[in-house]
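J.: Structure in structure tokens, see below.
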Amino acid sequence: MSRRDINRPMAAALTMMAAMFVVGFIDNYISRIAQSLGVWQFQMMRACLALPLVFCLSLLGFGTFWPKRWPTIMARSMCIAIAISFYFASLSFMPIAQAVAGFFTSPLFVLLINVFVMRQRVGVWRVGAVLIGFVGIILVLQPGGGQFDLLLLMPVAGGLFNAIGMVATRSWCEDESAVSLLAGFLLMQGIMGGVALAVLSYVAPDVPAGVDGYLLRGWVWDVMPVILPVLLQVVGVVVGVGLVFRAYQMEEPSFVAVFEYSIMVFAPFFAWVLFGQGLGIGQALGIAMIIGAGVIIALRSEPSDAASQEHDAPVI
């Protein structure tokens with residue numbers, strides 16, 4: 001039996017696209033959750049409900065639940081949790097296509113960190129990809145459109161912190177199970193949510209109604225209006241990430257990573273079908289440029305880089 005038969009590249013591609021299909025669908029409902037809950041309570045609830053499911057993944061043989069080194073896992077998890085907080089927060093006030101495009105700038109920032117911090121050399125293809133990607137960011141965010149606000153940079157900030165988390169994964173957590181990485185992230189997300197809720201309870205800020213209060217809202221006892229979207233997020237993140245893990249087990253990471261960018265097709269599609277959100281021509285072009293930049297970086301990565309990408313998938 002040939003190596004290609006063993007790795008099943010088509011099955012790996014379809015599995016990754018299925019994962020992005022799930023994530024692209026469920027994340028559209030965060031804007032609905034934001035109408036009743038705050039981002040911190042939502043993240044804490046998602047973490048508390050998802051951790052038992054992740055533990056079940058470990059029992060099914062997907063990987064070890066308990067990490068080998070708690071300090072490095074939690075440091076890495078803090079970076080990823082901050083990244084996801086920026087991403088979730090941005091979904092309350094911008095179309096999901098913009099938020100996803102901003103967050104998936106992570107590979108661009110990883111490359112910049114590798115060049116300027118890790119002192120690695122890169123070729124002209126990947127340098128060009130960074131330039132293309134950042135032009136794509138400008139087109140997606142439309143800074144000259146008259147409505148530009150620094151808050152529009154929140155998903156890009158999420159992409160930066162996610163990139164730091166990726167580099168930390170390679171440097172500190174290369175021998176950790178993917179399940180333990182996910183468990184550590186969820187645990188840190190729950191802790192951050194609990195701390196933020198405690199601070200908000202003490203400060204007691206004036207909280208606007210509806211989506212406008214998403215960032216400042218403390219604990220809300222009546223969760224029934226949004227319990228179904230929250231449960232959808234809980235199940236979706238475990239299923240989606242589980243499919244991501246499976247895809248990376250089936251084929252070379254540099255090949256599989258390309259298909260992660262299908263979320264930039266699925267998320268806007270569901271936003272259009274479910275809520276009537278559309279895209280301008282410039283934004284669509286910018287998303288295409290970010291996808292192209294990410295694909296170039298993935299395909300032009302050195303073998304040693306590609307081998308370490310197994311745990312690099314954004315957990316959204």
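Chain lettering (A, B, ...) mirrors the order of the structure tokens, residue numbering begins at 1 for each chain separately, and ligand numbering begins at 1 in order of display.
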Using only C-alpha atoms, which protein or nucleic acid residues come within 12 Å of Met289 in chain A? Drop anything in the same chain fewer than 4 positions from it, and give the result as a list of chain:residue names.
T.: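 These residues fall inside the cut-off: A:Ala101, A:Gly102, A:Phe104, A:Thr105, A:Leu108, A:Gly128, A:Ala129, A:Val130, A:Leu131, A:Ile132, A:Gly133, A:Phe134, A:Val135, A:Gly136, A:Ile137, A:Ile138, A:Leu139, A:Val140, A:Tyr261, A:Met264, A:Gly282, A:Gln283, A:Ala284, A:Leu285, A:Ala293, A:Gly294, A:Val295, A:Ile296.
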J.: Neighbours of range 177-193 of chain A within 9 Å (only C-alpha atoms; same-chain residues fewer than 3 positions away dropped), as an MDAnalysis selection string?
T.: chainID A and resid 39:48 50:51 54:55 57:58 62:68 70 73:74 76:82 84:85 169 173:174 196:198 241:242 245 310:311 315
J.: A:Gly236, A:Gly194, A:Gly276, A:Gly286: which is nearest Trp219 in chain A, counting only C-alpha atoms?
T.: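 Of A:Gly236, A:Gly194, A:Gly276, A:Gly286, the one nearest Trp219 in chain A, counting only C-alpha atoms, is A:Gly194.
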J.: Just checking: using only C-alpha atoms, which residue out of A:Ile287, A:Ile33, A:Ala13, A:Ala163 ends up closest to Pro225 in chain A?
T.: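 Using only C-alpha atoms, the shortest distance to Pro225 in chain A belongs to A:Ile33.
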J.: Using only C-alpha atoms, find the one residue out of A:Ala204, A:Asn162, A:Phe21, A:Met16 that sits nearest to Ala267 in chain A.
T.: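 Nearest candidate to Ala267 in chain A out of A:Ala204, A:Asn162, A:Phe21, A:Met16: A:Phe21.
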J.: Figure out the distance between CA of Met224 in chain A and CA of Gly38 in chain A, please, to one decimal in Å.
T.: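 Straight-line distance from CA of Gly38 in chain A to CA of Met224 in chain A works out to 14.1 Å.
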J.: Could you find all residues in range 219-297 of chain A that DSSP calls helix (DSSP H, G or I) from the backbone, and write them as an MDAnalysis selection string?
T.: chainID A and resid 224:250 253:275 281:297
J.: If we count only C-alpha atoms, what is near Phe25 in chain A at a cut-off of 12 Å, once residues fewer than 3 positions away on the same chain are taken out, given as a PyMOL selection string?
T.: chain A and resi 18-22+28-30+96-97+229+232-233+236-237+240+263-275+316
J.: Would you put the residues from that selection into a file with N, CA and C atoms, as a PDB file, in the first residue's frame?
T.:
ATOM      1  N   ALA A  18     -15.159  19.967   6.682  1.00  0.00           N
ATOM      2  CA  ALA A  18     -16.313  19.709   7.550  1.00  0.00           C
ATOM      3  C   ALA A  18     -16.150  20.429   8.879  1.00  0.00           C
ATOM      4  N   ALA A  19     -14.932  20.446   9.422  1.00  0.00           N
ATOM      5  CA  ALA A  19     -14.672  21.156  10.676  1.00  0.00           C
ATOM      6  C   ALA A  19     -14.939  22.643  10.508  1.00  0.00           C
ATOM      7  N   MET A  20     -14.462  23.230   9.430  1.00  0.00           N
ATOM      8  CA  MET A  20     -14.661  24.657   9.191  1.00  0.00           C
ATOM      9  C   MET A  20     -16.124  24.970   8.881  1.00  0.00           C
ATOM     10  N   PHE A  21     -16.831  24.028   8.276  1.00  0.00           N
ATOM     11  CA  PHE A  21     -18.270  24.168   8.047  1.00  0.00           C
ATOM     12  C   PHE A  21     -18.998  24.318   9.383  1.00  0.00           C
ATOM     13  N   VAL A  22     -18.642  23.461  10.353  1.00  0.00           N
ATOM     14  CA  VAL A  22     -19.269  23.504  11.674  1.00  0.00           C
ATOM     15  C   VAL A  22     -18.953  24.814  12.386  1.00  0.00           C
ATOM     16  N   ASN A  28     -21.725  32.217  13.832  1.00  0.00           N
ATOM     17  CA  ASN A  28     -22.692  33.224  13.427  1.00  0.00           C
ATOM     18  C   ASN A  28     -23.690  33.540  14.526  1.00  0.00           C
ATOM     19  N   TYR A  29     -23.844  32.633  15.481  1.00  0.00           N
ATOM     20  CA  TYR A  29     -24.845  32.833  16.534  1.00  0.00           C
ATOM     21  C   TYR A  29     -24.290  33.577  17.744  1.00  0.00           C
ATOM     22  N   ILE A  30     -22.998  33.903  17.733  1.00  0.00           N
ATOM     23  CA  ILE A  30     -22.439  34.653  18.863  1.00  0.00           C
ATOM     24  C   ILE A  30     -23.070  36.041  18.954  1.00  0.00           C
ATOM     25  N   ILE A  96     -19.333  38.758  10.461  1.00  0.00           N
ATOM     26  CA  ILE A  96     -18.438  37.647  10.764  1.00  0.00           C
ATOM     27  C   ILE A  96     -17.338  37.507   9.712  1.00  0.00           C
ATOM     28  N   ALA A  97     -17.611  37.893   8.472  1.00  0.00           N
ATOM     29  CA  ALA A  97     -16.581  37.789   7.435  1.00  0.00           C
ATOM     30  C   ALA A  97     -15.367  38.643   7.781  1.00  0.00           C
ATOM     31  N   PRO A 229     -28.263  28.610  21.509  1.00  0.00           N
ATOM     32  CA  PRO A 229     -27.010  29.008  20.849  1.00  0.00           C
ATOM     33  C   PRO A 229     -25.763  28.690  21.672  1.00  0.00           C
ATOM     34  N   LEU A 232     -25.169  25.055  21.324  1.00  0.00           N
ATOM     35  CA  LEU A 232     -24.675  24.840  19.965  1.00  0.00           C
ATOM     36  C   LEU A 232     -23.184  25.145  19.887  1.00  0.00           C
ATOM     37  N   GLN A 233     -22.742  26.210  20.548  1.00  0.00           N
ATOM     38  CA  GLN A 233     -21.323  26.547  20.597  1.00  0.00           C
ATOM     39  C   GLN A 233     -20.517  25.460  21.307  1.00  0.00           C
ATOM     40  N   GLY A 236     -20.479  22.374  19.110  1.00  0.00           N
ATOM     41  CA  GLY A 236     -19.795  22.693  17.873  1.00  0.00           C
ATOM     42  C   GLY A 236     -18.299  22.812  18.019  1.00  0.00           C
ATOM     43  N   VAL A 237     -17.833  23.444  19.120  1.00  0.00           N
ATOM     44  CA  VAL A 237     -16.388  23.604  19.282  1.00  0.00           C
ATOM     45  C   VAL A 237     -15.708  22.258  19.495  1.00  0.00           C
ATOM     46  N   GLY A 240     -16.043  20.402  16.020  1.00  0.00           N
ATOM     47  CA  GLY A 240     -15.188  21.038  15.041  1.00  0.00           C
ATOM     48  C   GLY A 240     -13.717  20.792  15.305  1.00  0.00           C
ATOM     49  N   ILE A 263     -13.138  28.241   5.999  1.00  0.00           N
ATOM     50  CA  ILE A 263     -14.039  28.939   6.933  1.00  0.00           C
ATOM     51  C   ILE A 263     -14.371  30.335   6.422  1.00  0.00           C
ATOM     52  N   MET A 264     -13.494  30.937   5.617  1.00  0.00           N
ATOM     53  CA  MET A 264     -13.767  32.261   5.083  1.00  0.00           C
ATOM     54  C   MET A 264     -14.810  32.220   3.973  1.00  0.00           C
ATOM     55  N   VAL A 265     -15.143  31.031   3.524  1.00  0.00           N
ATOM     56  CA  VAL A 265     -16.256  30.849   2.595  1.00  0.00           C
ATOM     57  C   VAL A 265     -17.523  30.473   3.366  1.00  0.00           C
ATOM     58  N   PHE A 266     -17.389  29.522   4.299  1.00  0.00           N
ATOM     59  CA  PHE A 266     -18.558  29.025   5.021  1.00  0.00           C
ATOM     60  C   PHE A 266     -19.170  30.083   5.946  1.00  0.00           C
ATOM     61  N   ALA A 267     -18.326  30.797   6.704  1.00  0.00           N
ATOM     62  CA  ALA A 267     -18.850  31.769   7.668  1.00  0.00           C
ATOM     63  C   ALA A 267     -19.648  32.883   6.978  1.00  0.00           C
ATOM     64  N   PRO A 268     -19.116  33.535   5.931  1.00  0.00           N
ATOM     65  CA  PRO A 268     -19.937  34.553   5.245  1.00  0.00           C
ATOM     66  C   PRO A 268     -21.172  33.959   4.567  1.00  0.00           C
ATOM     67  N   PHE A 269     -21.065  32.715   4.079  1.00  0.00           N
ATOM     68  CA  PHE A 269     -22.223  32.084   3.446  1.00  0.00           C
ATOM     69  C   PHE A 269     -23.366  31.933   4.450  1.00  0.00           C
ATOM     70  N   PHE A 270     -23.054  31.411   5.632  1.00  0.00           N
ATOM     71  CA  PHE A 270     -24.096  31.245   6.644  1.00  0.00           C
ATOM     72  C   PHE A 270     -24.604  32.601   7.142  1.00  0.00           C
ATOM     73  N   ALA A 271     -23.712  33.592   7.212  1.00  0.00           N
ATOM     74  CA  ALA A 271     -24.146  34.930   7.617  1.00  0.00           C
ATOM     75  C   ALA A 271     -25.145  35.494   6.618  1.00  0.00           C
ATOM     76  N   TRP A 272     -24.932  35.215   5.344  1.00  0.00           N
ATOM     77  CA  TRP A 272     -25.844  35.678   4.301  1.00  0.00           C
ATOM     78  C   TRP A 272     -27.177  34.919   4.351  1.00  0.00           C
ATOM     79  N   VAL A 273     -27.100  33.591   4.505  1.00  0.00           N
ATOM     80  CA  VAL A 273     -28.306  32.769   4.513  1.00  0.00           C
ATOM     81  C   VAL A 273     -29.146  33.037   5.768  1.00  0.00           C
ATOM     82  N   LEU A 274     -28.487  33.098   6.929  1.00  0.00           N
ATOM     83  CA  LEU A 274     -29.216  33.196   8.194  1.00  0.00           C
ATOM     84  C   LEU A 274     -29.641  34.617   8.535  1.00  0.00           C
ATOM     85  N   PHE A 275     -28.756  35.578   8.263  1.00  0.00           N
ATOM     86  CA  PHE A 275     -29.004  36.932   8.757  1.00  0.00           C
ATOM     87  C   PHE A 275     -28.922  38.017   7.684  1.00  0.00           C
ATOM     88  N   ILE A 316     -11.677  28.207  17.297  1.00  0.00           N
ATOM     89  CA  ILE A 316     -12.719  29.212  17.314  1.00  0.00           C
ATOM     90  C   ILE A 316     -14.102  28.583  17.254  1.00  0.00           C
TER      91      ILE A 316
END
J.: Identify which of the residues A:Phe116, A:Tyr248, A:Trp125, A:Phe109 lies closest to Gly165 in chain A, counting only C-alpha atoms when measuring atom-to-atom distances.
T.: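 Closest residue, counting only C-alpha atoms: A:Phe109.
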J.: When you look at Phe86 in chain A with a cut-off of 8 Å (counting only C-alpha atoms), what residues show up, excluding the ones that are within fewer than 5 positions of it in the same chain? I need them as a count of residues only.
T.: 4
J.: Give the answer as one residue: which of A:Pro71, A:Gly213, A:Gly218, A:Pro208 has the shortest atom-to-atom distance to Ala168 in chain A, using only C-alpha atoms?
T.: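 Smallest separation from Ala168 in chain A among the options: A:Pro71.
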